[in-house]
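So the structure is just underneath, and the comments pick up after that.
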Amino acid sequence: MEWLESLTFIQRGVIAGVVIGFVSPILGAFLLVRRITIISEALSHITLTGIAAGIFMSQAIAFVSFLNPLYMGFLFSLIGSLLIEKLRQWYKHFEELAIPIILSTGVGLSAILMSASGSATTEWYNYLFGSIITVSLADLSFIIITALLAIAIMSFMYKEFLVISFDQEFASVSGVPVKRMNILFSVLIALVISMAMKVVGILLVGAMITLPVAASIQIAKSFRQILLLGIVFGQVSMIGGIISSYYLNVATGGMVVVVSILLLMLAMGIKKLQHA
Amino acid sequence: MISVFFQYDFLMYAMFTGIMVGFLAPFLGVFLVVRRMSLIADALSHVTLTGIAFSLLLGRHFSLFQGLNPLYLGAGFSVGASLLIERLRNVYTYYKELAIPIILSAGIGLGVVFISLADGFTNDLFSYLFGSVVTITQSDFRLIAAITLFVSGFIILFYKELFFLSFDEEQAIISGMPKRFIQWMFIIIVALVIAASMRVVGILLVSSLMTIPVASAMRLAKGFKQTFIYAVIFGEISVIVGLVASFHLNLAPGGTIVMIAVLILLITLFFTRGRHT
């Protein structure tokens, strides 16, 4: 890990971006076929609460001040994903209500914590909209470790996740421990979101997870193609976004999303041509 | 504690707009939740931010736009986005639910680009995101009052049609209802209410005020009418208590308003344990 220390801040940002552009579309593909892409929005907002709580606590209690707020963010988003499952059971006929409830609670609590903590608003904008130049060494190692963990989970459980995503009942009949797998899946979502948020920002994590796969599903003909094209689109929008944001002097997260929207429109155009 | 709100003009505006919003948002929210469109409010509110950012950017470069209240462009963008959502639903026939996250992220992404082009990462933006008690002007107050009148008028006139469309769309169409017209008006009204509520509760929290009081009301109510009554009562309690608390504790009003709504939800969930709505 020594080479990590010799990196300049811009190199750290680019490496973090490439890692995120690789992992988030893979998760996105699973979320897409499970029809729960919107969950990434809810969990990213609750991650913000965790981060706000982390910063608030580190100001109040000296003993936690060494803790990277990203860990708190991860913890909150994990709790959030478990809560969503619970709420779905309570609102049996209106399952979709679980997401806005968690999303709102997340933003509401963060707003209170942010205004109570008294930190300058500009510091919060980094967390909200992402910033590529503030990726510290500790952040980069957090990103790499969580990415490796996420990739490990996804490649070991690839088959199980795939079966559950397409047909839960069939999966449980054929002996897949559905309940345990779903919890593991929640851990995975929380990992990826807390990993991506430092660079693209809370409000844009959902975009990184959904937009590349939304584009790839227009062209792809199999799940594997969705994965591969999703990664390609994710990388192009990450790198394209970082470079263009540098030259245009615009917030990185925004440019990354704009590039991936352009790719989405391109994919839609290609699909139209194929059908014409 | 409350009396201070009637001593200063700006606080009075905040209180009155809050009361209007506390009525409008949950009222419309009932229709949204019943029609399973609660997430649309999230997408549209994020796009409203894009419109506001665009308006700020234009104001920087063209003096013509300087005097314009950013709320107008915000509402305009969110109406445009609602049309786009419908289009996207046709593009993704098998994954209709993708339309919302796509529009939501596109809205925020573009919004961020506009904001940074306008050098807008300031305290002003924070009050747009999370609401503010002190920035509500007389012009905001007038605009929101007009929106309230318009929306209430529409709902009173078309209550039956909206009710019918929410519960039995097919029957409604067969009996010759102008579905398209009502649908359009409904979406436009949602966009307007979002723009109206945004000043007090902030963009990121508008949709909360539309869904959370309704979610609590649904646990208690025994009919459609009761759902409205409970939702509006919960909405008003959250807004009034939230505004007063946020002013005295110096917190973002959007946050306190929503957390009070969440508190009410938790209490109702606790007392209705075991029931499956």
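All residue names refer to the structure tokens as shown: chains lettered A, B, ... in order, residues numbered from 1 in each chain, ligands numbered from 1 in order.
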Return as a VMD selection string the full set of residues in range 42-208 of chain B whose backbone-based DSSP assignment is helix (DSSP H, G or I).
chain B and resid 42 to 61 63 to 65 70 to 91 96 to 117 123 to 130 138 to 157 159 to 167 169 to 174 179 to 201 203 to 208
For chain A, work out the contacting residues on chain B at 6 Å, counting only C-alpha atoms, and write them as an MDAnalysis selection string.
chainID B and resid 101 105 109 112:113 116 208 251:252 255 258:259 276:277
Same residues, N, CA and C atoms, saved as a CSV table (one decimal), in the first residue's frame:
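Result file is out.csv:
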```
chain,number,residue,atom,x,y,z
B,101,PRO,N,-36.0,7.4,-10.8
B,101,PRO,CA,-34.6,7.6,-10.5
B,101,PRO,C,-33.9,8.3,-11.6
B,105,SER,N,-32.1,11.8,-10.7
B,105,SER,CA,-30.6,12.0,-10.8
B,105,SER,C,-30.3,13.0,-11.8
B,109,GLY,N,-28.1,16.3,-11.0
B,109,GLY,CA,-26.9,16.5,-11.7
B,109,GLY,C,-26.8,17.8,-12.5
B,112,VAL,N,-26.6,20.7,-10.1
B,112,VAL,CA,-25.3,21.0,-9.5
B,112,VAL,C,-24.4,21.7,-10.5
B,113,VAL,N,-24.5,21.4,-11.8
B,113,VAL,CA,-23.7,22.1,-12.8
B,113,VAL,C,-24.1,23.5,-12.9
B,116,SER,N,-22.8,25.4,-9.8
B,116,SER,CA,-21.4,25.8,-9.8
B,116,SER,C,-21.1,26.8,-10.8
B,208,SER,N,-41.4,15.0,1.8
B,208,SER,CA,-41.7,14.4,3.1
B,208,SER,C,-43.0,14.9,3.6
B,251,LEU,N,-32.5,26.1,14.2
B,251,LEU,CA,-32.2,24.9,13.4
B,251,LEU,C,-32.9,25.1,12.0
B,252,ALA,N,-32.6,24.3,11.0
B,252,ALA,CA,-33.2,24.4,9.7
B,252,ALA,C,-34.7,24.0,9.9
B,255,GLY,N,-36.0,20.6,8.5
B,255,GLY,CA,-35.6,19.4,9.3
B,255,GLY,C,-36.5,19.2,10.5
B,258,VAL,N,-40.1,18.1,9.4
B,258,VAL,CA,-40.2,16.7,9.0
B,258,VAL,C,-40.0,15.8,10.2
B,259,MET,N,-39.1,16.2,11.1
B,259,MET,CA,-38.9,15.3,12.2
B,259,MET,C,-40.1,15.2,13.1
B,276,HIS,N,-52.0,-4.4,9.6
B,276,HIS,CA,-51.3,-4.3,8.3
B,276,HIS,C,-52.1,-3.4,7.4
B,277,THR,N,-51.6,-2.2,7.1
B,277,THR,CA,-52.4,-1.3,6.3
B,277,THR,C,-52.2,-1.7,4.8
```
Within 12 Å of range 166-175 of chain A, counting only C-alpha atoms, which residues show up once you throw out same-chain ones fewer than 6 positions away? Write them as a PDB file with N, CA and C atoms, in the first residue's frame, please.
```
ATOM      1  N   ALA A  29     -27.049  -3.110 -11.640  1.00  0.00           N
ATOM      2  CA  ALA A  29     -27.673  -4.146 -12.469  1.00  0.00           C
ATOM      3  C   ALA A  29     -28.534  -5.072 -11.607  1.00  0.00           C
ATOM      4  N   PHE A  30     -28.018  -5.439 -10.417  1.00  0.00           N
ATOM      5  CA  PHE A  30     -28.817  -6.287  -9.530  1.00  0.00           C
ATOM      6  C   PHE A  30     -30.068  -5.562  -9.050  1.00  0.00           C
ATOM      7  N   LEU A  31     -29.894  -4.281  -8.689  1.00  0.00           N
ATOM      8  CA  LEU A  31     -31.047  -3.505  -8.216  1.00  0.00           C
ATOM      9  C   LEU A  31     -32.089  -3.376  -9.316  1.00  0.00           C
ATOM     10  N   LEU A  32     -31.596  -3.210 -10.555  1.00  0.00           N
ATOM     11  CA  LEU A  32     -32.503  -3.038 -11.681  1.00  0.00           C
ATOM     12  C   LEU A  32     -33.399  -4.253 -11.863  1.00  0.00           C
ATOM     13  N   VAL A  33     -32.789  -5.445 -11.879  1.00  0.00           N
ATOM     14  CA  VAL A  33     -33.624  -6.623 -12.124  1.00  0.00           C
ATOM     15  C   VAL A  33     -34.507  -6.932 -10.921  1.00  0.00           C
ATOM     16  N   ARG A  34     -34.121  -6.451  -9.736  1.00  0.00           N
ATOM     17  CA  ARG A  34     -35.008  -6.631  -8.581  1.00  0.00           C
ATOM     18  C   ARG A  34     -36.052  -5.527  -8.516  1.00  0.00           C
ATOM     19  N   ARG A  35     -35.969  -4.561  -9.416  1.00  0.00           N
ATOM     20  CA  ARG A  35     -36.905  -3.434  -9.477  1.00  0.00           C
ATOM     21  C   ARG A  35     -36.857  -2.570  -8.232  1.00  0.00           C
ATOM     22  N   LYS A 159     -24.339 -16.228  -8.215  1.00  0.00           N
ATOM     23  CA  LYS A 159     -25.440 -17.106  -8.609  1.00  0.00           C
ATOM     24  C   LYS A 159     -26.656 -16.912  -7.712  1.00  0.00           C
ATOM     25  N   GLU A 160     -26.408 -16.883  -6.390  1.00  0.00           N
ATOM     26  CA  GLU A 160     -27.514 -16.770  -5.445  1.00  0.00           C
ATOM     27  C   GLU A 160     -28.268 -15.461  -5.666  1.00  0.00           C
ATOM     28  N   MET A 181     -29.517 -14.123   2.459  1.00  0.00           N
ATOM     29  CA  MET A 181     -29.001 -13.480   1.251  1.00  0.00           C
ATOM     30  C   MET A 181     -29.494 -12.036   1.146  1.00  0.00           C
ATOM     31  N   ASN A 182     -30.762 -11.825   1.520  1.00  0.00           N
ATOM     32  CA  ASN A 182     -31.289 -10.468   1.439  1.00  0.00           C
ATOM     33  C   ASN A 182     -30.584  -9.537   2.408  1.00  0.00           C
ATOM     34  N   PHE A 223     -28.159 -10.577 -19.171  1.00  0.00           N
ATOM     35  CA  PHE A 223     -27.750  -9.958 -17.911  1.00  0.00           C
ATOM     36  C   PHE A 223     -26.258  -9.653 -17.919  1.00  0.00           C
TER      37      PHE A 223
END
```
Close residues, Phe186 in chain B itself excluded, 10 Å, only C-alpha atoms, min 3 positions apart in chain, as a ChimeraX atom specification
/B:28,31-32,151,154-155,158,162,180-183,189-192
Counting only C-alpha atoms, which residues of range 6-26 of chain B sit at most 12 Å from some atom of range 218-235 of chain B, and what is each one's closest atom pair with its distance in Å to one decimal, listed by chain and rising residue number, as a Markdown table?
```
| residue | atom | partner | partner_atom | distance |
| --- | --- | --- | --- | --- |
| B:Gly18 | CA | B:Gly235 | CA | 9.9 |
| B:Ile19 | CA | B:Gly235 | CA | 8.9 |
| B:Met20 | CA | B:Gly235 | CA | 10.1 |
| B:Val21 | CA | B:Gly235 | CA | 8.5 |
| B:Gly22 | CA | B:Gly235 | CA | 4.9 |
| B:Phe23 | CA | B:Val232 | CA | 5.4 |
| B:Leu24 | CA | B:Val232 | CA | 8.0 |
| B:Ala25 | CA | B:Gly235 | CA | 7.7 |
| B:Pro26 | CA | B:Ala231 | CA | 5.6 |
```
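The smallest atom-to-atom distance between Ile52 in chain B and any of B:Glu86, B:Asp9, B:Asp124, B:Glu170, using only C-alpha atoms, is found for B:Asp124.
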Write out as number ranges by chain each polymer residue whose atoms come within 6 Å of Val30 in chain B, counting only C-alpha atoms; drop sequence neighbours fewer than 3 positions from it.
B: 27, 33, 214
Please dump the current selection as a PDB file, in the first residue's frame; keep C-alpha atoms.
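Below is the file that was written, part-v1.pdb:
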```pdb
ATOM      1  CA  PHE B  27     -53.981  17.188   1.133  1.00  0.00           C
ATOM      2  CA  VAL B  33     -50.119   8.019  -2.052  1.00  0.00           C
ATOM      3  CA  VAL B 214     -50.465  10.729   4.928  1.00  0.00           C
TER       4      VAL B 214
END
```
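Nearest to Leu56 in chain B of all the residues B:Ile103, B:Ile108, B:Met177, B:Ile115 is B:Ile115, based on only C-alpha atoms.
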